[in-house]
Each structure stands twice: as C-alpha cells, then as structure tokens.
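Read the structure below first, then the notes.
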Amino acid sequence: MAYRSHPQPLNLATKHQQLPKVLIIRPPMAFKSVETEFSQKFHLVKAWESPLPLDQFLAAHAHDVRAMIASGVTPVNPDVLRHLPSLRCIVTSSAGIDQIDLPECRRRGIVVANAGAVFSEDVADTAVALLIDVLRRVVAADRYVRGGNWLVKGDYPLGSKLGGKRVGIVGLGSIGMEVAKRLEAFGCTLSYYSRKAKPSVSFPFYSNVCELATNCDILILCCALNDQTHHMINKEVLLALGKEGVIVNIARGAVIDEKELVRFLVQGDIAGAGLDVFENEPEVPRELFPLDNVVLSPHRAVFTEESIRDSVDLMLANLEAFFSNKPLLSPVENE
C-alpha cells in the first residue's frame, strides 16, 4: 500500500514569521484562555509584554502590522493610529466602540469590526435581572437575612411588582430589542427613544428622552456612548422620571451624569437604580454602597462562558475574512 509522503514540518520560528501579524495593545477579557487559538493562525504582536514605551513599541512594528485586536477599554485614538501607517483593520472584542476614533479610522481607510449581536441576549438578561433585583430587593433582602435581621427586626419591607410597569428603553438596537422581548413577557408597557423611529416596532417612539422619562416608571439604558449621548441622562431627565422612577444602566457609565444620579439617589428623589457600568471605572461612588435600593455590578453584563466563546469565534472569523480579502462579518458602520 502506497503512502503519501508528508512535507517536513516547518520550523516553528519560520512558521511564526509567515503568519499575518496582529497587534494587541492590551488583551481582551479572558484572552489568556484562548490565546493559543489565535497564535495558531496569527503572529500576535503583544504590546503589553514589551518593556518599551507604547509609542516606541508601535513604531517598531509600524510598517508590518495591518490588523489589530482592541479590547473594550483599549483607546484607539489618533495618537495610537499615527504610529501605525499600515494598519487597515481593527477587530474589537466589545459591542461598544466608543474607545475607537471612528472618524480617524475612516480618514485612514481602516475598517472596524465589533462583537455585533454576540452579547445582546446576555446583556438583556442582566438588565432584567438588575431591574427585578431593584424592584423586589433581592440582594438587599439577602443581606437582611445573612445579617440576622429577620429574627431581630421581623419581616423585610415589601418590594414592587414588575408586571404593568411603564418601561422606556433608551436605544433600541439589538440589546434594546432583546430587553423589550423579555419585558413584554412580564406584561410591561413599553416605549422607546432612539435616533429615529423604527417602522417595524409597534410600541410608542419618543424623540426626546425627557418626554420618555415623563411617561415611564423605569428607564433602561441600552444606547451607545458618543457625543450625543454623553450625560444624556441629566438632572432634567431625572426630575422627569420622578421619585418613583427606577434607572437600569447596562450601556456606558457616562451616558448618565453620575454626580446628579448619586445626588438624586441619596436624597430619595428617584426610587432606585441597577448599575452595571460607571463613569470612571473601576471607581464607584461610595455614596451608593449603603443604599439598599441600588444594585451594583462590576461591568459584567456581557460576560458569560458562552458569550466569550462566541466573541472569540467572531474575532477569529473577522480577522480571517480581512486577511482573505473578504467582507467582515460584523462591520461597524463608519458614516
């Protein structure tokens, strides 16, 4: 029986040199567990492992790096991009792209891909979990029991029902739609604010966030952070929401004027908040710590074992598409 002769394996160093280079300034969440998968297909240029200052490191790879992986907290601004004249593709591990200067990328002819809708279901689950927790005081009641207060002080105060609440969704993209789907099942009355009305959506559209807040018991923030949405939830909106109002933020911390939010919560001028994101992470206003009507989460709405796996697959697929001169799977519209 004839056997096909196999070519001699490439020297590992030679193989490494032949792989397309991909720059990583700072590794994405859980990257260490999947690094081998990327290393088999790409020559990873790891800035975080170099003793060189970042600008010197980037300059050293300026002419042979055509793609980079950006974590959700890696700033990709003009100062970084000017060191990378050959860069033509950025793949980010996050759905949000506020850390990337899209106009500058457009000017330089750089395409950008994000996580698309990979995280939408998990983020929507977290938004609803935070909302239920605030209304039904789940975490606060847990602390009450663990602290021995049930025996000493008696029954814990009543919470509030979710069904029938008027919920306004700020930003009706893929995450917002998943939130809406879940809250419809709870019997909530929905309305939304977005850049423009969506003809396929039946519930009411508001072109003004204050008007939305006036007509809602709850605001759930699902929008991107940009110049238009920075501090969009301000004193005026919080006043419109009123003393019985609740806010859930699974978008970006700076969508809310955090100082105003803290003041309203401490003074009892809104009823509660569920916050997965903060304006100056990982700094969290300490005034919120003793408040039983506030539920805090360390920016983990997107992260499950399943979503991390899906995001890794999508990043790999986007990079392979780029180096094969094929369309990206989850391109960011760069208008």
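Order determines the names: the first chain of the structure tokens is A, the second B, and so forth; residues in each chain are numbered 1 upward, and ligands are numbered 1 upward as they are shown.
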Residues of region 151-182 of chain A within 12 Å of region 245-264 of chain A: nearest atom pair and distance (Å, one decimal) for each, counting only C-alpha atoms, sorted by chain and number, as JSON lines?
```
{"residue": "A:Ser160", "atom": "CA", "partner": "A:Val246", "partner_atom": "CA", "distance": 11.1}
{"residue": "A:Leu162", "atom": "CA", "partner": "A:Val246", "partner_atom": "CA", "distance": 11.3}
{"residue": "A:Lys165", "atom": "CA", "partner": "A:Gly245", "partner_atom": "CA", "distance": 10.3}
{"residue": "A:Arg166", "atom": "CA", "partner": "A:Gly245", "partner_atom": "CA", "distance": 10.0}
{"residue": "A:Val167", "atom": "CA", "partner": "A:Val246", "partner_atom": "CA", "distance": 9.4}
{"residue": "A:Gly168", "atom": "CA", "partner": "A:Ile247", "partner_atom": "CA", "distance": 9.6}
{"residue": "A:Ile169", "atom": "CA", "partner": "A:Val248", "partner_atom": "CA", "distance": 9.7}
{"residue": "A:Val170", "atom": "CA", "partner": "A:Ala251", "partner_atom": "CA", "distance": 9.4}
{"residue": "A:Gly171", "atom": "CA", "partner": "A:Ala251", "partner_atom": "CA", "distance": 9.1}
{"residue": "A:Leu172", "atom": "CA", "partner": "A:Ala251", "partner_atom": "CA", "distance": 11.6}
{"residue": "A:Gly173", "atom": "CA", "partner": "A:Ala251", "partner_atom": "CA", "distance": 11.4}
{"residue": "A:Ile175", "atom": "CA", "partner": "A:Ala251", "partner_atom": "CA", "distance": 9.4}
{"residue": "A:Gly176", "atom": "CA", "partner": "A:Ala251", "partner_atom": "CA", "distance": 10.0}
{"residue": "A:Val179", "atom": "CA", "partner": "A:Ile250", "partner_atom": "CA", "distance": 10.8}
```
Find the residues around Leu135 (chain A) up to 12 Å (only C-alpha atoms counted), leave out those fewer than 6 positions away in its own chain, and share them as a ChimeraX atom specification. /A:128-129,141,157-163,165,217-218,244-248,271-274,292-295
Let's have the selection written as a short mmCIF file (atom, residue, chain, number, x, y, z; two decimals), in the first residue's frame, with N, CA, C and O atoms.
```
data_model
loop_
_atom_site.label_atom_id
_atom_site.label_comp_id
_atom_site.auth_asym_id
_atom_site.auth_seq_id
_atom_site.Cartn_x
_atom_site.Cartn_y
_atom_site.Cartn_z
N VAL A 128 -32.64 42.85 32.85
CA VAL A 128 -33.88 42.42 33.52
C VAL A 128 -33.58 41.94 34.94
O VAL A 128 -34.35 42.22 35.87
N ALA A 129 -32.46 41.24 35.11
CA ALA A 129 -32.08 40.78 36.45
C ALA A 129 -31.87 41.96 37.40
O ALA A 129 -32.33 41.94 38.55
N ALA A 141 -32.51 41.99 50.51
CA ALA A 141 -33.17 41.01 51.39
C ALA A 141 -32.19 39.91 51.79
O ALA A 141 -32.22 39.41 52.92
N PRO A 157 -39.22 44.83 54.36
CA PRO A 157 -40.21 45.67 53.65
C PRO A 157 -40.59 45.11 52.28
O PRO A 157 -39.80 44.43 51.62
N LEU A 158 -41.78 45.41 51.85
CA LEU A 158 -42.29 44.91 50.57
C LEU A 158 -41.53 45.52 49.39
O LEU A 158 -41.09 46.66 49.45
N GLY A 159 -41.44 44.74 48.33
CA GLY A 159 -40.89 45.24 47.07
C GLY A 159 -42.02 45.68 46.16
O GLY A 159 -43.16 45.88 46.58
N SER A 160 -41.68 45.83 44.89
CA SER A 160 -42.64 46.33 43.90
C SER A 160 -42.74 45.37 42.72
O SER A 160 -41.73 44.78 42.31
N LYS A 161 -43.92 45.22 42.18
CA LYS A 161 -44.18 44.31 41.06
C LYS A 161 -43.62 44.85 39.75
O LYS A 161 -43.67 46.05 39.49
N LEU A 162 -43.09 43.96 38.91
CA LEU A 162 -42.60 44.37 37.59
C LEU A 162 -43.73 44.45 36.57
O LEU A 162 -43.80 45.39 35.78
N GLY A 163 -44.63 43.47 36.58
CA GLY A 163 -45.73 43.46 35.61
C GLY A 163 -46.57 44.73 35.68
O GLY A 163 -46.90 45.20 36.76
N LYS A 165 -45.60 47.72 34.78
CA LYS A 165 -44.78 48.93 34.82
C LYS A 165 -44.57 49.49 33.42
O LYS A 165 -44.50 48.76 32.42
N ASP A 217 -42.17 54.67 34.23
CA ASP A 217 -41.77 54.38 35.61
C ASP A 217 -40.31 53.96 35.68
O ASP A 217 -39.67 54.10 36.73
N ILE A 218 -39.82 53.43 34.57
CA ILE A 218 -38.48 52.83 34.54
C ILE A 218 -37.80 53.23 33.24
O ILE A 218 -38.43 53.23 32.17
N GLU A 244 -40.68 58.05 42.03
CA GLU A 244 -40.99 56.62 41.95
C GLU A 244 -40.22 55.93 40.83
O GLU A 244 -40.40 54.74 40.59
N GLY A 245 -39.36 56.68 40.15
CA GLY A 245 -38.68 56.14 38.98
C GLY A 245 -37.46 55.29 39.31
O GLY A 245 -36.81 55.47 40.33
N VAL A 246 -37.16 54.38 38.39
CA VAL A 246 -36.00 53.49 38.52
C VAL A 246 -35.19 53.55 37.23
O VAL A 246 -35.76 53.61 36.13
N ILE A 247 -33.86 53.52 37.35
CA ILE A 247 -32.97 53.51 36.19
C ILE A 247 -32.12 52.24 36.22
O ILE A 247 -31.61 51.85 37.27
N VAL A 248 -31.99 51.61 35.05
CA VAL A 248 -31.07 50.50 34.88
C VAL A 248 -30.10 50.88 33.77
O VAL A 248 -30.53 51.27 32.68
N ALA A 271 -36.42 56.34 42.89
CA ALA A 271 -36.69 55.19 43.77
C ALA A 271 -35.56 54.18 43.81
O ALA A 271 -35.41 53.45 44.80
N GLY A 272 -34.74 54.11 42.74
CA GLY A 272 -33.68 53.11 42.77
C GLY A 272 -32.94 53.03 41.45
O GLY A 272 -33.32 53.66 40.45
N ALA A 273 -31.87 52.21 41.44
CA ALA A 273 -31.06 52.06 40.24
C ALA A 273 -30.36 50.71 40.24
O ALA A 273 -29.95 50.21 41.30
N GLY A 274 -30.23 50.14 39.05
CA GLY A 274 -29.42 48.95 38.83
C GLY A 274 -28.31 49.32 37.87
O GLY A 274 -28.58 49.69 36.72
N ASP A 292 -29.84 50.42 49.94
CA ASP A 292 -30.48 49.15 49.63
C ASP A 292 -31.29 49.18 48.34
O ASP A 292 -31.65 48.12 47.82
N ASN A 293 -31.58 50.37 47.83
CA ASN A 293 -32.35 50.48 46.59
C ASN A 293 -31.46 50.60 45.36
O ASN A 293 -31.94 50.91 44.26
N VAL A 294 -30.16 50.36 45.54
CA VAL A 294 -29.21 50.41 44.42
C VAL A 294 -28.49 49.07 44.33
O VAL A 294 -27.94 48.59 45.32
N VAL A 295 -28.50 48.47 43.14
CA VAL A 295 -27.80 47.21 42.90
C VAL A 295 -26.61 47.50 41.99
O VAL A 295 -26.77 48.12 40.92
#
```
Residues near Glu178 (chain A), cut-off 10 Å, only C-alpha atoms, skip fewer than 5 positions along chain, as a list in words: Ser120, Glu121, Asp122, Val123, Ala124, Asp125, Ala127, Leu172, Gly173 and Leu183 of chain A
Output file for the selection above: N, CA, C and O atoms, as an mmCIF file, in the first residue's frame:
```cif
data_model
loop_
_atom_site.group_PDB
_atom_site.id
_atom_site.type_symbol
_atom_site.label_atom_id
_atom_site.label_comp_id
_atom_site.auth_asym_id
_atom_site.auth_seq_id
_atom_site.Cartn_x
_atom_site.Cartn_y
_atom_site.Cartn_z
ATOM 1 N N SER A 120 -25.842 40.402 22.988
ATOM 2 C CA SER A 120 -27.148 41.046 23.199
ATOM 3 C C SER A 120 -28.047 40.294 24.173
ATOM 4 O O SER A 120 -28.657 40.897 25.065
ATOM 5 N N GLU A 121 -28.156 38.988 24.028
ATOM 6 C CA GLU A 121 -29.042 38.226 24.903
ATOM 7 C C GLU A 121 -28.562 38.244 26.346
ATOM 8 O O GLU A 121 -29.359 38.402 27.279
ATOM 9 N N ASP A 122 -27.256 38.089 26.547
ATOM 10 C CA ASP A 122 -26.722 38.072 27.911
ATOM 11 C C ASP A 122 -26.868 39.432 28.588
ATOM 12 O O ASP A 122 -27.178 39.506 29.779
ATOM 13 N N VAL A 123 -26.641 40.507 27.829
ATOM 14 C CA VAL A 123 -26.802 41.848 28.397
ATOM 15 C C VAL A 123 -28.265 42.108 28.747
ATOM 16 O O VAL A 123 -28.578 42.667 29.800
ATOM 17 N N ALA A 124 -29.166 41.673 27.865
ATOM 18 C CA ALA A 124 -30.596 41.850 28.135
ATOM 19 C C ALA A 124 -31.018 41.069 29.376
ATOM 20 O O ALA A 124 -31.793 41.569 30.208
ATOM 21 N N ASP A 125 -30.497 39.854 29.536
ATOM 22 C CA ASP A 125 -30.789 39.084 30.744
ATOM 23 C C ASP A 125 -30.346 39.837 31.990
ATOM 24 O O ASP A 125 -31.059 39.892 33.003
ATOM 25 N N ALA A 127 -29.890 43.101 32.307
ATOM 26 C CA ALA A 127 -30.727 44.290 32.509
ATOM 27 C C ALA A 127 -32.009 43.933 33.263
ATOM 28 O O ALA A 127 -32.406 44.620 34.219
ATOM 29 N N LEU A 172 -32.771 51.446 20.962
ATOM 30 C CA LEU A 172 -33.464 50.214 20.575
ATOM 31 C C LEU A 172 -32.702 49.489 19.474
ATOM 32 O O LEU A 172 -33.223 49.227 18.388
ATOM 33 N N GLY A 173 -31.425 49.168 19.779
ATOM 34 C CA GLY A 173 -30.646 48.322 18.890
ATOM 35 C C GLY A 173 -30.877 46.863 19.238
ATOM 36 O O GLY A 173 -31.932 46.493 19.763
ATOM 37 N N LEU A 183 -39.267 41.932 28.530
ATOM 38 C CA LEU A 183 -40.201 42.681 29.372
ATOM 39 C C LEU A 183 -41.641 42.583 28.884
ATOM 40 O O LEU A 183 -42.581 42.689 29.684
#
```
Assign secondary structure with DSSP using the backbone only, and return the residues of region 151-333 of chain A in strand (DSSP E or B) as a PyMOL selection string. chain A and resi 166-170+189-193+205-206+218-221+233+246-249+256+272-275+280+283+294-296+331
Those residues with N, CA, C and O atoms, as a short mmCIF file (atom, residue, chain, number, x, y, z; two decimals), in the first residue's frame please?
```cif
data_model
loop_
_atom_site.label_atom_id
_atom_site.label_comp_id
_atom_site.auth_asym_id
_atom_site.auth_seq_id
_atom_site.Cartn_x
_atom_site.Cartn_y
_atom_site.Cartn_z
N ARG A 166 -44.48 50.81 33.36
CA ARG A 166 -44.20 51.50 32.09
C ARG A 166 -42.69 51.64 31.95
O ARG A 166 -42.06 52.36 32.72
N VAL A 167 -42.14 50.94 30.97
CA VAL A 167 -40.69 50.89 30.81
C VAL A 167 -40.27 51.60 29.53
O VAL A 167 -40.78 51.28 28.44
N GLY A 168 -39.35 52.54 29.66
CA GLY A 168 -38.78 53.22 28.50
C GLY A 168 -37.40 52.69 28.20
O GLY A 168 -36.54 52.64 29.10
N ILE A 169 -37.17 52.26 26.98
CA ILE A 169 -35.87 51.74 26.57
C ILE A 169 -35.14 52.82 25.78
O ILE A 169 -35.64 53.31 24.77
N VAL A 170 -33.97 53.19 26.26
CA VAL A 170 -33.17 54.23 25.61
C VAL A 170 -32.13 53.54 24.74
O VAL A 170 -31.14 53.01 25.23
N THR A 189 -45.57 47.72 29.91
CA THR A 189 -45.93 48.62 28.82
C THR A 189 -44.67 49.31 28.34
O THR A 189 -44.00 49.99 29.12
N LEU A 190 -44.33 49.14 27.06
CA LEU A 190 -43.04 49.59 26.55
C LEU A 190 -43.16 50.82 25.67
O LEU A 190 -44.14 51.01 24.95
N SER A 191 -42.11 51.65 25.72
CA SER A 191 -41.91 52.75 24.77
C SER A 191 -40.41 52.92 24.64
O SER A 191 -39.64 52.30 25.37
N TYR A 192 -39.99 53.76 23.69
CA TYR A 192 -38.54 53.83 23.48
C TYR A 192 -38.11 55.17 22.90
O TYR A 192 -38.90 55.91 22.31
N TYR A 193 -36.83 55.45 23.12
CA TYR A 193 -36.13 56.57 22.49
C TYR A 193 -35.01 55.98 21.65
O TYR A 193 -34.29 55.08 22.08
N PHE A 205 -42.75 55.64 20.14
CA PHE A 205 -41.43 56.23 19.99
C PHE A 205 -41.44 57.65 20.52
O PHE A 205 -42.38 58.42 20.27
N TYR A 206 -40.40 58.02 21.26
CA TYR A 206 -40.22 59.39 21.72
C TYR A 206 -38.91 59.93 21.15
O TYR A 206 -37.87 59.27 21.24
N ILE A 218 -39.82 53.43 34.57
CA ILE A 218 -38.48 52.83 34.54
C ILE A 218 -37.80 53.23 33.24
O ILE A 218 -38.43 53.23 32.17
N LEU A 219 -36.50 53.57 33.32
CA LEU A 219 -35.67 53.76 32.13
C LEU A 219 -34.58 52.70 32.12
O LEU A 219 -33.89 52.51 33.12
N ILE A 220 -34.43 52.02 30.97
CA ILE A 220 -33.34 51.07 30.79
C ILE A 220 -32.44 51.60 29.67
O ILE A 220 -32.90 51.79 28.55
N LEU A 221 -31.18 51.83 29.99
CA LEU A 221 -30.26 52.45 29.05
C LEU A 221 -29.49 51.39 28.28
O LEU A 221 -28.75 50.60 28.87
N ILE A 233 -28.62 61.40 30.29
CA ILE A 233 -29.49 61.28 31.45
C ILE A 233 -28.98 62.26 32.50
O ILE A 233 -28.05 61.97 33.27
N VAL A 246 -37.16 54.38 38.39
CA VAL A 246 -36.00 53.49 38.52
C VAL A 246 -35.19 53.55 37.23
O VAL A 246 -35.76 53.61 36.13
N ILE A 247 -33.86 53.52 37.35
CA ILE A 247 -32.97 53.51 36.19
C ILE A 247 -32.12 52.24 36.22
O ILE A 247 -31.61 51.85 37.27
N VAL A 248 -31.99 51.61 35.05
CA VAL A 248 -31.07 50.50 34.88
C VAL A 248 -30.10 50.88 33.77
O VAL A 248 -30.53 51.27 32.68
N ASN A 249 -28.80 50.77 34.04
CA ASN A 249 -27.80 51.15 33.03
C ASN A 249 -26.89 49.96 32.72
O ASN A 249 -26.09 49.54 33.54
N ILE A 256 -24.97 58.60 31.79
CA ILE A 256 -25.61 59.29 32.92
C ILE A 256 -24.65 60.32 33.51
O ILE A 256 -23.45 60.07 33.62
N GLY A 272 -34.74 54.11 42.74
CA GLY A 272 -33.68 53.11 42.77
C GLY A 272 -32.94 53.03 41.45
O GLY A 272 -33.32 53.66 40.45
N ALA A 273 -31.87 52.21 41.44
CA ALA A 273 -31.06 52.06 40.24
C ALA A 273 -30.36 50.71 40.24
O ALA A 273 -29.95 50.21 41.30
N GLY A 274 -30.23 50.14 39.05
CA GLY A 274 -29.42 48.95 38.83
C GLY A 274 -28.31 49.32 37.87
O GLY A 274 -28.58 49.69 36.72
N LEU A 275 -27.06 49.27 38.32
CA LEU A 275 -25.95 49.82 37.54
C LEU A 275 -24.87 48.77 37.30
O LEU A 275 -24.26 48.26 38.25
N ASN A 280 -16.29 56.32 35.82
CA ASN A 280 -14.83 56.27 35.96
C ASN A 280 -14.40 54.90 36.49
O ASN A 280 -13.76 54.80 37.54
N GLU A 283 -13.64 52.93 39.54
CA GLU A 283 -14.11 53.78 40.64
C GLU A 283 -15.64 53.80 40.66
O GLU A 283 -16.27 54.02 39.62
N VAL A 294 -30.16 50.36 45.54
CA VAL A 294 -29.21 50.41 44.42
C VAL A 294 -28.49 49.07 44.33
O VAL A 294 -27.94 48.59 45.32
N VAL A 295 -28.50 48.47 43.14
CA VAL A 295 -27.80 47.21 42.90
C VAL A 295 -26.61 47.50 41.99
O VAL A 295 -26.77 48.12 40.92
N LEU A 296 -25.43 47.06 42.41
CA LEU A 296 -24.19 47.37 41.70
C LEU A 296 -23.57 46.10 41.13
O LEU A 296 -23.54 45.06 41.79
N PRO A 331 -19.13 44.27 10.52
CA PRO A 331 -18.52 45.60 10.35
C PRO A 331 -19.30 46.69 11.08
O PRO A 331 -20.52 46.62 11.20
#
```
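Straight-line separation from CA of Thr304 (chain A) to CA of Leu316 (chain A): 18.4 Å.
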